[in-house]
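Everything below belongs to data15.cif, which stores mmCIF, C-alpha atoms.
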data_upload
#
loop_
_atom_site.label_atom_id
_atom_site.label_comp_id
_atom_site.auth_asym_id
_atom_site.auth_seq_id
_atom_site.Cartn_x
_atom_site.Cartn_y
_atom_site.Cartn_z
CA MET A 1 0.00 0.00 0.00
CA THR A 2 1.46 3.35 -1.05
CA ASP A 3 0.60 6.57 0.81
CA VAL A 4 -0.24 9.62 -1.31
CA VAL A 5 0.77 12.81 0.51
CA MET A 6 0.07 16.51 0.05
CA PRO A 7 3.27 17.82 -1.59
CA GLN A 8 5.04 21.00 -0.54
CA MET A 9 4.53 23.43 -3.42
CA GLY A 10 6.91 26.13 -2.19
CA GLU A 11 9.40 26.71 0.60
CA SER A 12 6.99 29.03 2.41
CA ILE A 13 3.89 26.88 1.80
CA VAL A 14 2.65 24.94 4.83
CA GLU A 15 -0.79 23.88 3.60
CA GLY A 16 -2.88 23.45 0.47
CA THR A 17 -6.48 22.88 -0.54
CA LEU A 18 -7.44 19.71 -2.39
CA THR A 19 -9.84 21.15 -4.95
CA LYS A 20 -10.69 18.15 -7.13
CA TRP A 21 -10.17 14.40 -7.34
CA LEU A 22 -9.42 13.26 -10.90
CA LYS A 23 -9.85 9.61 -9.85
CA LYS A 24 -12.31 7.95 -7.49
CA ALA A 25 -11.94 5.03 -5.10
CA GLY A 26 -11.64 1.79 -7.05
CA ASP A 27 -10.15 3.38 -10.17
CA THR A 28 -6.92 2.04 -11.64
CA VAL A 29 -4.14 4.63 -11.77
CA GLY A 30 -0.78 4.60 -13.51
CA MET A 31 2.52 5.96 -12.32
CA ASP A 32 2.63 9.77 -12.79
CA GLU A 33 -1.00 9.84 -13.99
CA PRO A 34 -2.82 12.98 -12.72
CA LEU A 35 -4.55 12.00 -9.47
CA PHE A 36 -5.93 15.18 -7.91
CA GLU A 37 -5.73 18.98 -8.09
CA ILE A 38 -4.51 21.26 -5.33
CA SER A 39 -4.51 25.00 -4.85
CA THR A 40 -2.09 27.13 -2.84
CA ASP A 41 -1.08 30.77 -2.92
CA LYS A 42 1.64 29.91 -5.43
CA VAL A 43 0.20 27.22 -7.64
CA ASP A 44 -3.01 25.62 -8.84
CA THR A 45 -1.89 22.34 -10.33
CA GLU A 46 -2.44 18.63 -10.87
CA ILE A 47 -0.58 16.16 -8.68
CA PRO A 48 0.59 12.90 -10.31
CA SER A 49 0.23 9.48 -8.74
CA PRO A 50 3.40 8.29 -6.96
CA ALA A 51 2.70 4.65 -7.88
CA ALA A 52 0.69 2.42 -10.17
CA GLY A 53 -2.20 0.38 -8.81
CA VAL A 54 -5.74 0.88 -7.55
CA LEU A 55 -6.91 3.93 -5.59
CA ALA A 56 -7.86 1.97 -2.48
CA GLU A 57 -9.12 4.78 -0.23
CA VAL A 58 -9.59 8.53 -0.29
CA LEU A 59 -8.84 10.14 3.07
CA VAL A 60 -9.34 13.81 2.19
CA GLN A 61 -12.42 15.19 0.47
CA GLU A 62 -12.58 17.96 -2.11
CA GLY A 63 -12.46 21.44 -0.62
CA GLN A 64 -10.49 20.44 2.48
CA THR A 65 -7.35 22.38 3.42
CA ILE A 66 -4.60 20.22 4.89
CA GLN A 67 -0.97 20.46 5.95
CA VAL A 68 1.85 19.49 3.60
CA ASN A 69 3.02 15.87 3.85
CA ALA A 70 -0.38 14.79 5.20
CA VAL A 71 -1.66 11.51 3.73
CA VAL A 72 -4.60 12.18 1.38
CA ALA A 73 -5.11 8.71 -0.10
CA ARG A 74 -3.68 5.22 -0.38
CA ILE A 75 -2.90 3.23 -3.52
CA SER A 76 -3.00 -0.56 -3.48
CA ASP A 77 -0.56 -2.48 -5.65
CA GLY A 78 -2.96 -5.43 -5.78
CA ASN A 79 -0.88 -7.68 -3.51
CA ASP A 80 -1.97 -6.40 -0.12
CA GLY A 81 -5.55 -7.60 -0.41
CA LYS A 82 -7.01 -4.14 0.08
CA THR A 83 -8.95 -2.78 -2.84
CA ALA A 84 -11.56 -0.11 -3.13
CA PRO A 85 -14.50 -2.40 -3.92
CA GLU A 86 -14.34 -3.85 -0.37
CA PRO A 87 -15.57 -0.67 1.30
CA ALA A 88 -18.36 -0.55 -1.29
CA LYS A 89 -19.47 -4.04 -0.25
CA THR A 90 -19.39 -3.05 3.38
CA GLU A 91 -21.60 -0.06 2.67
CA THR A 92 -24.08 -2.28 0.82
CA SER A 93 -24.24 -4.79 3.64
CA LEU A 94 -24.85 -2.00 6.13
CA LYS A 95 -27.71 -0.68 4.06
CA GLU A 96 -29.41 -4.09 3.60
CA PRO A 97 -31.07 -4.18 7.08
CA ASP A 98 -32.72 -0.80 6.41
CA PRO A 99 -35.59 -2.21 4.29
CA VAL A 100 -36.38 -4.63 7.15
CA ALA A 101 -36.64 -1.79 9.64
CA GLU A 102 -38.68 0.42 7.33
CA PRO A 103 -42.01 -1.49 7.60
CA VAL A 104 -41.84 -1.21 11.39
CA ALA A 105 -41.40 2.56 11.14
CA VAL A 106 -44.27 2.80 8.67
CA LYS A 107 -46.64 0.89 10.94
CA THR A 108 -45.97 3.19 13.90
CA GLU A 109 -46.67 6.35 11.91
CA PRO A 110 -50.40 5.83 11.28
CA THR A 111 -51.19 7.27 14.72
CA PRO A 112 -52.50 10.61 13.60
CA GLY A 113 -52.00 12.83 16.60
CA PRO A 114 -52.49 16.54 16.39
CA PRO A 115 -52.25 17.53 12.71
CA PRO A 116 -50.26 20.72 13.37
CA ASN A 117 -47.48 18.75 15.04
CA ALA A 118 -47.39 16.33 12.13
CA VAL A 119 -46.66 19.27 9.81
CA ALA A 120 -43.95 20.68 12.06
CA ALA A 121 -42.14 17.35 12.50
CA PRO A 122 -41.02 16.91 8.87
CA ALA A 123 -39.87 20.54 8.78
CA ALA A 124 -37.55 19.95 11.74
CA ALA A 125 -36.31 16.60 10.47
CA VAL A 126 -34.89 17.79 7.14
CA PRO A 127 -32.65 15.07 5.70
CA ALA A 128 -28.95 15.94 6.05
CA PRO A 129 -26.78 16.09 2.91
CA ALA A 130 -24.93 12.88 2.17
CA GLY A 131 -21.32 12.74 3.36
CA PRO A 132 -19.23 15.40 5.10
CA LEU A 133 -19.38 18.95 3.81
CA SER A 134 -16.16 20.80 3.03
CA PRO A 135 -15.61 24.31 4.46
CA LEU A 136 -15.79 25.70 0.92
CA VAL A 137 -19.20 24.13 0.27
CA ARG A 138 -20.55 25.36 3.61
CA ARG A 139 -19.33 28.88 2.92
CA MET A 140 -20.83 28.92 -0.59
CA ALA A 141 -24.15 27.71 0.80
CA ARG A 142 -24.11 30.31 3.55
CA GLU A 143 -23.16 33.23 1.32
CA ASN A 144 -25.71 32.33 -1.36
CA ASN A 145 -28.53 31.21 1.00
CA ILE A 146 -28.61 27.70 -0.49
CA ASP A 147 -30.51 24.85 1.12
CA LEU A 148 -28.01 21.99 0.69
CA THR A 149 -30.75 19.36 1.08
CA ARG A 150 -31.96 20.44 -2.38
CA VAL A 151 -28.52 19.95 -3.98
CA THR A 152 -27.71 16.59 -5.56
CA GLY A 153 -24.21 15.42 -4.68
CA THR A 154 -22.02 13.80 -7.35
CA GLY A 155 -18.98 13.23 -5.14
CA ALA A 156 -17.91 9.99 -3.49
CA GLY A 157 -20.85 8.46 -1.61
CA GLY A 158 -23.19 11.20 -2.82
CA ARG A 159 -21.11 13.95 -1.19
CA ILE A 160 -21.82 17.51 -2.32
CA THR A 161 -18.88 19.19 -4.09
CA LYS A 162 -18.19 22.77 -5.11
CA ASP A 163 -19.19 21.91 -8.72
CA ASP A 164 -22.55 20.61 -7.46
CA VAL A 165 -23.26 23.89 -5.66
CA GLU A 166 -22.22 25.95 -8.68
CA ALA A 167 -24.40 23.82 -10.96
CA PHE A 168 -27.35 24.29 -8.59
CA MET A 169 -26.79 28.05 -8.53
CA LYS A 170 -26.77 28.21 -12.32
CA GLY A 171 -29.71 25.87 -12.81
CA ALA A 172 -32.09 27.16 -10.09
CA PRO A 173 -31.16 30.70 -9.03
CA ALA A 174 -34.64 31.66 -7.80
CA ALA A 175 -35.67 28.31 -6.35
CA VAL A 176 -33.62 28.74 -3.19
CA ALA A 177 -35.86 31.17 -1.36
CA ALA A 178 -39.18 29.90 -2.77
CA PRO A 179 -39.73 26.90 -0.47
CA VAL A 180 -38.85 28.93 2.61
CA SER A 181 -41.33 31.71 2.01
CA ALA A 182 -44.11 29.56 0.49
CA GLU A 183 -45.29 27.96 3.77
CA PRO A 184 -45.30 30.96 6.16
CA VAL A 185 -47.32 33.21 3.81
CA PRO A 186 -50.78 31.62 4.41
CA ALA A 187 -50.09 31.41 8.16
CA THR A 188 -49.34 35.13 8.46
CA PRO A 189 -51.80 37.07 6.30
CA ALA A 190 -51.36 40.29 8.30
CA PRO A 191 -47.85 41.22 7.04
CA ALA A 192 -48.94 40.81 3.41
CA PRO A 193 -49.89 44.50 2.96
CA VAL A 194 -46.49 45.53 4.31
CA VAL A 195 -44.52 43.72 1.60
CA PRO A 196 -44.93 46.35 -1.15
CA THR A 197 -42.86 49.14 0.38
CA PRO A 198 -43.52 52.48 -1.31
CA VAL A 199 -40.21 53.86 -0.02
CA ALA A 200 -38.26 51.26 -2.00
CA LYS A 201 -40.06 52.28 -5.18
CA ALA A 202 -39.37 55.93 -4.55
CA ALA A 203 -35.66 55.20 -4.17
CA GLY A 204 -35.38 54.25 -7.85
CA PRO A 205 -34.28 51.02 -9.54
CA VAL A 206 -32.29 48.58 -7.39
CA ALA A 207 -28.77 47.94 -8.68
CA LYS A 208 -28.20 44.38 -9.86
CA THR A 209 -25.28 42.58 -8.21
CA ARG A 210 -23.77 39.14 -8.39
CA THR A 211 -21.83 37.49 -5.60
CA GLU A 212 -19.57 34.50 -6.05
CA PRO A 213 -16.85 33.04 -3.83
CA MET A 214 -13.18 33.57 -4.62
CA SER A 215 -11.34 30.58 -6.01
CA ILE A 216 -8.96 28.87 -3.61
CA MET A 217 -6.02 30.17 -5.63
CA ARG A 218 -7.36 33.74 -5.50
CA GLN A 219 -7.82 33.50 -1.73
CA LYS A 220 -4.25 32.23 -1.28
CA ILE A 221 -2.80 34.95 -3.52
CA ALA A 222 -4.68 37.57 -1.49
CA GLU A 223 -3.33 36.16 1.78
CA HIS A 224 0.21 35.98 0.39
CA MET A 225 0.17 39.55 -0.92
CA VAL A 226 -1.17 40.99 2.35
CA MET A 227 1.38 38.96 4.30
CA SER A 228 4.20 40.24 2.09
CA LYS A 229 3.20 43.89 2.57
CA ARG A 230 2.89 43.28 6.30
CA THR A 231 6.30 41.56 6.46
CA SER A 232 8.59 43.68 4.27
CA ALA A 233 9.19 47.42 4.16
CA HIS A 234 8.39 47.91 0.46
CA VAL A 235 10.20 50.62 -1.53
CA THR A 236 10.30 50.89 -5.34
CA THR A 237 12.93 52.58 -7.48
CA VAL A 238 12.39 53.12 -11.24
CA HIS A 239 15.09 53.43 -13.92
CA ARG A 240 14.64 54.28 -17.59
CA VAL A 241 16.62 51.92 -19.84
CA ASP A 242 17.64 52.37 -23.47
CA MET A 243 16.89 48.99 -25.06
CA THR A 244 17.90 50.01 -28.60
CA LYS A 245 20.88 47.64 -28.91
CA VAL A 246 18.84 44.73 -27.60
CA ALA A 247 15.92 45.64 -29.87
CA LYS A 248 18.16 45.72 -32.94
CA MET A 249 19.79 42.41 -32.06
CA ARG A 250 16.38 40.86 -31.43
CA ALA A 251 15.04 42.15 -34.76
CA LYS A 252 18.13 40.78 -36.55
CA HIS A 253 17.90 37.28 -35.08
CA LYS A 254 14.21 36.70 -34.30
CA ASP A 255 13.31 34.98 -37.61
CA ALA A 256 16.31 32.63 -37.54
CA PHE A 257 15.74 32.05 -33.82
CA ALA A 258 12.09 31.04 -34.37
CA ALA A 259 13.04 28.74 -37.26
CA ARG A 260 15.79 27.03 -35.28
CA HIS A 261 14.15 26.76 -31.85
CA GLY A 262 10.42 26.82 -32.66
CA MET A 263 9.63 29.73 -30.34
CA SER A 264 9.63 33.54 -30.40
CA LEU A 265 12.49 35.61 -29.06
CA THR A 266 11.20 38.15 -26.50
CA PHE A 267 12.83 40.87 -24.42
CA LEU A 268 12.36 38.99 -21.13
CA PRO A 269 15.37 36.61 -21.41
CA PHE A 270 17.64 39.61 -22.06
CA VAL A 271 16.43 41.26 -18.85
CA THR A 272 16.74 37.97 -16.95
CA ARG A 273 20.32 37.54 -18.19
CA ALA A 274 21.21 41.08 -17.12
CA ALA A 275 19.53 40.61 -13.71
CA ALA A 276 21.43 37.37 -13.09
CA GLU A 277 24.71 39.14 -13.81
CA ALA A 278 23.77 41.98 -11.43
CA LEU A 279 22.74 39.51 -8.71
CA ALA A 280 26.20 37.92 -8.88
CA GLN A 281 27.73 41.35 -8.26
CA PHE A 282 25.23 42.38 -5.54
CA PRO A 283 24.46 39.15 -3.58
CA LEU A 284 22.45 40.96 -0.91
CA LEU A 285 19.55 41.24 -3.38
CA ASN A 286 19.74 37.47 -3.83
CA ALA A 287 19.49 36.88 -0.07
CA SER A 288 16.57 36.51 2.36
CA ILE A 289 15.85 37.37 5.99
CA ASP A 290 15.43 34.81 8.77
CA GLY A 291 14.51 36.68 11.96
CA THR A 292 17.55 38.87 12.60
CA ASN A 293 19.82 36.80 10.33
CA ILE A 294 20.70 37.28 6.67
CA VAL A 295 20.60 34.11 4.58
CA TYR A 296 22.92 34.27 1.56
CA HIS A 297 22.02 31.85 -1.25
CA ASP A 298 24.75 30.17 -3.27
CA GLU A 299 22.55 29.73 -6.34
CA ILE A 300 20.84 32.41 -8.41
CA ASN A 301 17.35 31.02 -8.98
CA VAL A 302 15.09 33.51 -10.76
CA GLY A 303 11.31 33.20 -10.51
CA ILE A 304 9.31 34.38 -13.53
CA ALA A 305 5.73 35.51 -12.85
CA VAL A 306 3.24 33.79 -15.18
CA ALA A 307 -0.32 35.06 -15.58
CA LEU A 308 -3.05 32.41 -15.36
CA ASP A 309 -6.82 32.56 -15.71
CA GLY A 310 -7.88 34.08 -12.39
CA GLY A 311 -4.42 34.08 -10.81
CA LEU A 312 -0.68 33.92 -11.24
CA ILE A 313 2.22 31.62 -10.46
CA VAL A 314 6.00 32.07 -10.19
CA PRO A 315 7.93 29.06 -11.54
CA VAL A 316 11.68 29.16 -10.96
CA ILE A 317 14.60 29.02 -13.39
CA LYS A 318 17.34 27.27 -11.41
CA ALA A 319 20.94 28.47 -11.87
CA ALA A 320 19.76 31.28 -14.16
CA ASP A 321 23.26 32.81 -14.20
CA GLU A 322 24.57 29.70 -16.01
CA LYS A 323 22.19 30.06 -18.99
CA ASN A 324 22.53 32.24 -22.06
CA VAL A 325 19.62 34.08 -23.66
CA THR A 326 18.60 31.03 -25.70
CA GLY A 327 18.54 28.80 -22.63
CA LEU A 328 16.60 31.37 -20.63
CA GLN A 329 14.02 31.85 -23.40
CA ARG A 330 13.55 28.08 -23.65
CA SER A 331 13.09 27.81 -19.86
CA ILE A 332 10.61 30.71 -19.77
CA VAL A 333 8.48 29.28 -22.59
CA ASP A 334 8.53 25.77 -21.12
CA LEU A 335 7.65 26.81 -17.56
CA ALA A 336 4.91 29.19 -18.69
CA ALA A 337 3.29 26.57 -20.94
CA ARG A 338 3.30 23.89 -18.25
CA ALA A 339 2.09 26.35 -15.62
CA ARG A 340 -1.00 27.12 -17.70
CA ALA A 341 -1.52 23.39 -18.31
CA LYS A 342 -1.22 22.67 -14.54
CA GLN A 343 1.75 20.40 -15.15
CA LEU A 344 4.44 22.03 -13.02
CA LYS A 345 6.33 19.84 -10.58
CA PRO A 346 6.61 20.88 -6.91
CA ASP A 347 10.36 21.58 -7.12
CA GLU A 348 9.82 23.91 -10.09
CA ILE A 349 8.15 26.55 -7.91
CA GLN A 350 10.51 26.20 -4.95
CA GLY A 351 13.90 27.67 -4.19
CA GLY A 352 13.48 31.05 -5.89
CA THR A 353 15.93 33.72 -4.67
CA PHE A 354 14.79 36.65 -6.86
CA SER A 355 11.74 37.32 -9.04
CA ILE A 356 10.95 39.14 -12.29
CA THR A 357 7.48 40.19 -13.45
CA ASN A 358 6.97 41.33 -17.04
CA PHE A 359 3.89 43.56 -16.81
CA GLY A 360 5.08 45.23 -20.01
CA SER A 361 3.73 42.28 -21.99
CA PHE A 362 0.25 43.75 -21.33
CA GLY A 363 1.29 47.28 -22.30
CA SER A 364 2.00 48.67 -18.84
CA VAL A 365 4.75 51.29 -18.73
CA PHE A 366 5.73 50.62 -15.11
CA ALA A 367 4.24 49.41 -11.85
CA THR A 368 5.27 48.73 -8.25
CA PRO A 369 5.36 44.93 -7.83
CA VAL A 370 4.96 43.18 -4.47
CA ILE A 371 7.88 41.16 -3.11
CA ASN A 372 7.54 37.38 -3.40
CA GLN A 373 8.29 36.18 0.14
CA PRO A 374 10.75 35.17 1.51
CA GLN A 375 12.77 37.02 -1.12
CA VAL A 376 13.90 40.62 -0.61
CA ALA A 377 13.47 42.07 -4.11
CA ILE A 378 11.48 41.79 -7.35
CA LEU A 379 12.17 43.43 -10.71
CA GLY A 380 9.29 44.71 -12.84
CA VAL A 381 9.76 45.17 -16.60
CA GLY A 382 7.69 47.74 -18.47
CA THR A 383 6.76 47.64 -22.13
CA VAL A 384 9.52 48.41 -24.66
CA GLU A 385 8.41 51.23 -26.95
CA LYS A 386 9.98 53.66 -29.37
CA VAL A 387 10.17 57.22 -28.05
CA ALA A 388 11.84 60.49 -28.94
CA ALA A 389 14.96 60.88 -26.79
CA VAL A 390 17.88 63.29 -26.53
CA VAL A 391 21.14 61.62 -27.64
CA ASP A 392 24.29 63.75 -27.84
CA ASP A 393 22.18 66.92 -27.80
CA ALA A 394 20.08 65.69 -30.71
CA ILE A 395 16.59 64.19 -30.94
CA ALA A 396 16.63 60.51 -31.82
CA ILE A 397 14.20 57.61 -31.88
CA ARG A 398 15.15 55.07 -29.22
CA SER A 399 13.58 51.87 -27.87
CA GLN A 400 13.12 52.39 -24.15
CA CYS A 401 11.48 50.76 -21.14
CA PHE A 402 11.24 51.31 -17.40
CA LEU A 403 12.63 48.87 -14.84
CA ALA A 404 10.92 49.03 -11.44
CA LEU A 405 12.81 47.36 -8.58
CA THR A 406 10.81 46.81 -5.40
CA PHE A 407 13.10 45.97 -2.46
CA ASP A 408 12.82 45.21 1.25
CA HIS A 409 14.15 48.29 3.04
CA ARG A 410 14.80 46.22 6.16
CA LEU A 411 17.84 44.75 4.40
CA ILE A 412 18.49 46.86 1.30
CA ASP A 413 19.04 50.62 1.28
CA GLY A 414 18.16 52.89 -1.61
CA ALA A 415 21.78 53.35 -2.70
CA LEU A 416 22.35 49.61 -3.05
CA ALA A 417 19.04 49.14 -4.86
CA ASP A 418 19.96 51.86 -7.37
CA GLN A 419 23.45 50.39 -7.88
CA PHE A 420 21.89 47.02 -8.64
CA THR A 421 19.36 48.46 -11.10
CA ALA A 422 22.07 50.61 -12.70
CA LYS A 423 24.07 47.42 -13.33
CA VAL A 424 21.06 45.78 -15.02
CA LYS A 425 20.61 48.97 -17.06
CA SER A 426 24.28 49.01 -18.07
CA VAL A 427 24.26 45.39 -19.27
CA LEU A 428 21.16 46.00 -21.40
CA GLU A 429 22.29 49.32 -22.87
CA ASN A 430 25.71 47.93 -23.79
CA TRP A 431 24.58 44.50 -24.95
CA SER A 432 27.23 42.61 -26.92
CA GLU A 433 26.60 38.93 -26.15
CA ASP A 434 25.84 36.71 -29.15
CA ILE A 435 22.59 34.83 -28.53
CA LEU A 436 22.71 32.11 -31.19
#

Would you mind writing the file's structure down as C-alpha cells?
Amino acid sequence: MTDVVMPQMGESIVEGTLTKWLKKAGDTVGMDEPLFEISTDKVDTEIPSPAAGVLAEVLVQEGQTIQVNAVVARISDGNDGKTAPEPAKTETSLKEPDPVAEPVAVKTEPTPGPPPNAVAAPAAAVPAPAGPLSPLVRRMARENNIDLTRVTGTGAGGRITKDDVEAFMKGAPAAVAAPVSAEPVPATPAPAPVVPTPVAKAAGPVAKTRTEPMSIMRQKIAEHMVMSKRTSAHVTTVHRVDMTKVAKMRAKHKDAFAARHGMSLTFLPFVTRAAAEALAQFPLLNASIDGTNIVYHDEINVGIAVALDGGLIVPVIKAADEKNVTGLQRSIVDLAARARAKQLKPDEIQGGTFSITNFGSFGSVFATPVINQPQVAILGVGTVEKVAAVVDDAIAIRSQCFLALTFDHRLIDGALADQFTAKVKSVLENWSEDIL
C-alpha cells in the first residue's frame, strides 16, 4: 500500500487545498498519472500518482485544506488484499437491514395525533446532505442562501462538491428562497400588505449585483500579498533603460531564432540575463531574511511571474546565471506553458531567490510589484516602446522601457538598490553577447 501525501509546493507553503479528485476510489491509476488537483497561494496544479495500482481509499475530500506531507489517499498495488471495492461491499451490507426496519417505522406512523405537530415534524427533520461537507461548500451555501438538502451530490458516496453547488446556482437561481417563504405566507396574512414598500419604489431602480466566492487560488494569492506587505518594508525605485541595442539584435535574429528553436524571441530573457549578472555582483539582493539573520544563497534562482486565468504563479529558473539568452528563453516558454496546463512539478516553484514580473507584456509602462516572500526584491519590466529621446544633444528615436525594482528596506538601502538596477541597465544598454 502506497501513501499519497500533500506535496510542498513552495518553501513558504505549509498547507494546500485539495480542490478536485481526478480519480475515485476503485479506479486504476498509472505511475505519474494525474490523481488530484490542489490549490495554494503559489500554484493551482495537478498532482501525479506516486505509484501504479488501484486507488484503495480517499482520506481527504474535495475542498479540504490540509498540511503538507499529510496523507490524502492510499494506492494498493494489488498484492496487499485491500482494494476499493471492499468498502463498497461493506456499505451495501450495512444498508441491507434498512428495508427490514422500514415497515416497522411505517406501521408506527399511522397514529394521527395533532395535525399541526405532524406538519412541524417533517420541517424539523430535514434530511442531512450525504457525506461530510467541506468548508468551501458550507461557505458557498451560507453566502448564497442555499438549502443543501436540495442539492444533488455527485462526489464519493453522494457527497456535495463545489461543482454541485455551482451547478445548482446556475440551474435554479430563484428556487432557493421559494420553499422557505411559500409555507409561512398563508399562516401570516397580516404582514402581506407591508410587503410592497412604497419607499423602496421611490428610491429608484435597485442595482443588480452578483456574488460568487473567490477561487482557492485567489484566496491564497490575497493572503500571500497581504502577508508580504505586512512583512517587508516595500520601496520601489524606477530606472529608464535604453533597449535600442537589444531591440536591434532581437530584430536581426528573431526569424532565424524562431526557425531554429520553434519559439519567439522576446525581451524577457535579455532582462533575466542582465539581472542574473547583477545579482552575482550584488548578492544581498539574492538573499533573504530569517529573523535577525541574513541568509545568503549560493545559487541564483530567478522566478518568472506567469499570468493564469484568475491568478498567477512564479515558476523558478534554477541556476539562471549559467544560462545564455537562448537557454533562458527556452526555460521561460517551457515553464509558462506547463504552468498554464497545470503540469508544473513541486520543485519547479521552490527555491526562488529573486523574481521578475513582465507587466510590459500587457502594455504597462511601469508598476510597483509586491515582493515574493521570503525574497527581498522583485524586478518589474515595463513595455519596450519607441520614443523620442535626446542623444548627444540631438533628438533621436530610441527603444526604451522602465525597470521598477521593489526591495525590502529592512535589508536593502536605496543606494544599493539603485546600484543594482544601474548594473542591469548598463548590461542591457551595452549589450554585446551573441545569442545564437

Self-check item: Contacts of Val365 (chain A) at 7 Å (only C-alpha atoms; same-chain gap of 2+ positions) as an NGL selection string
Solution: :A and (360 or 363 or 382-383 or 402)

Quiz item: Care to translate the PyMOL selection byres ((chain A and resi 329) around 12) into actual residues of this file, as a PyMOL selection string?
Solution: chain A and resi 254+257-258+261-273+304+317+320+323-328+330-336+435-436

Quiz item: Could you write out as a VMD selection string the residues that the PyMOL selection byres ((chain A and resi 425) around 10) matches in the shown file?
Solution: chain A and resid 239 to 243 271 274 to 275 278 402 to 403 419 to 424 426 to 431

Quiz prompt | Phe359 (chain A) surroundings by all atoms listed in the file, 7 Å radius, close-in-sequence under 4 positions cut, as a PyMOL selection string | solution = chain A and resi 364+380-382

Quiz item: Around (1.5, 18.5, 6.1) in the file's frame, which residues reach within 6 Å when counting all atoms listed in the file? Return as JSON, numbers by chain?
Solution: {"A": [67, 68, 69, 70]}
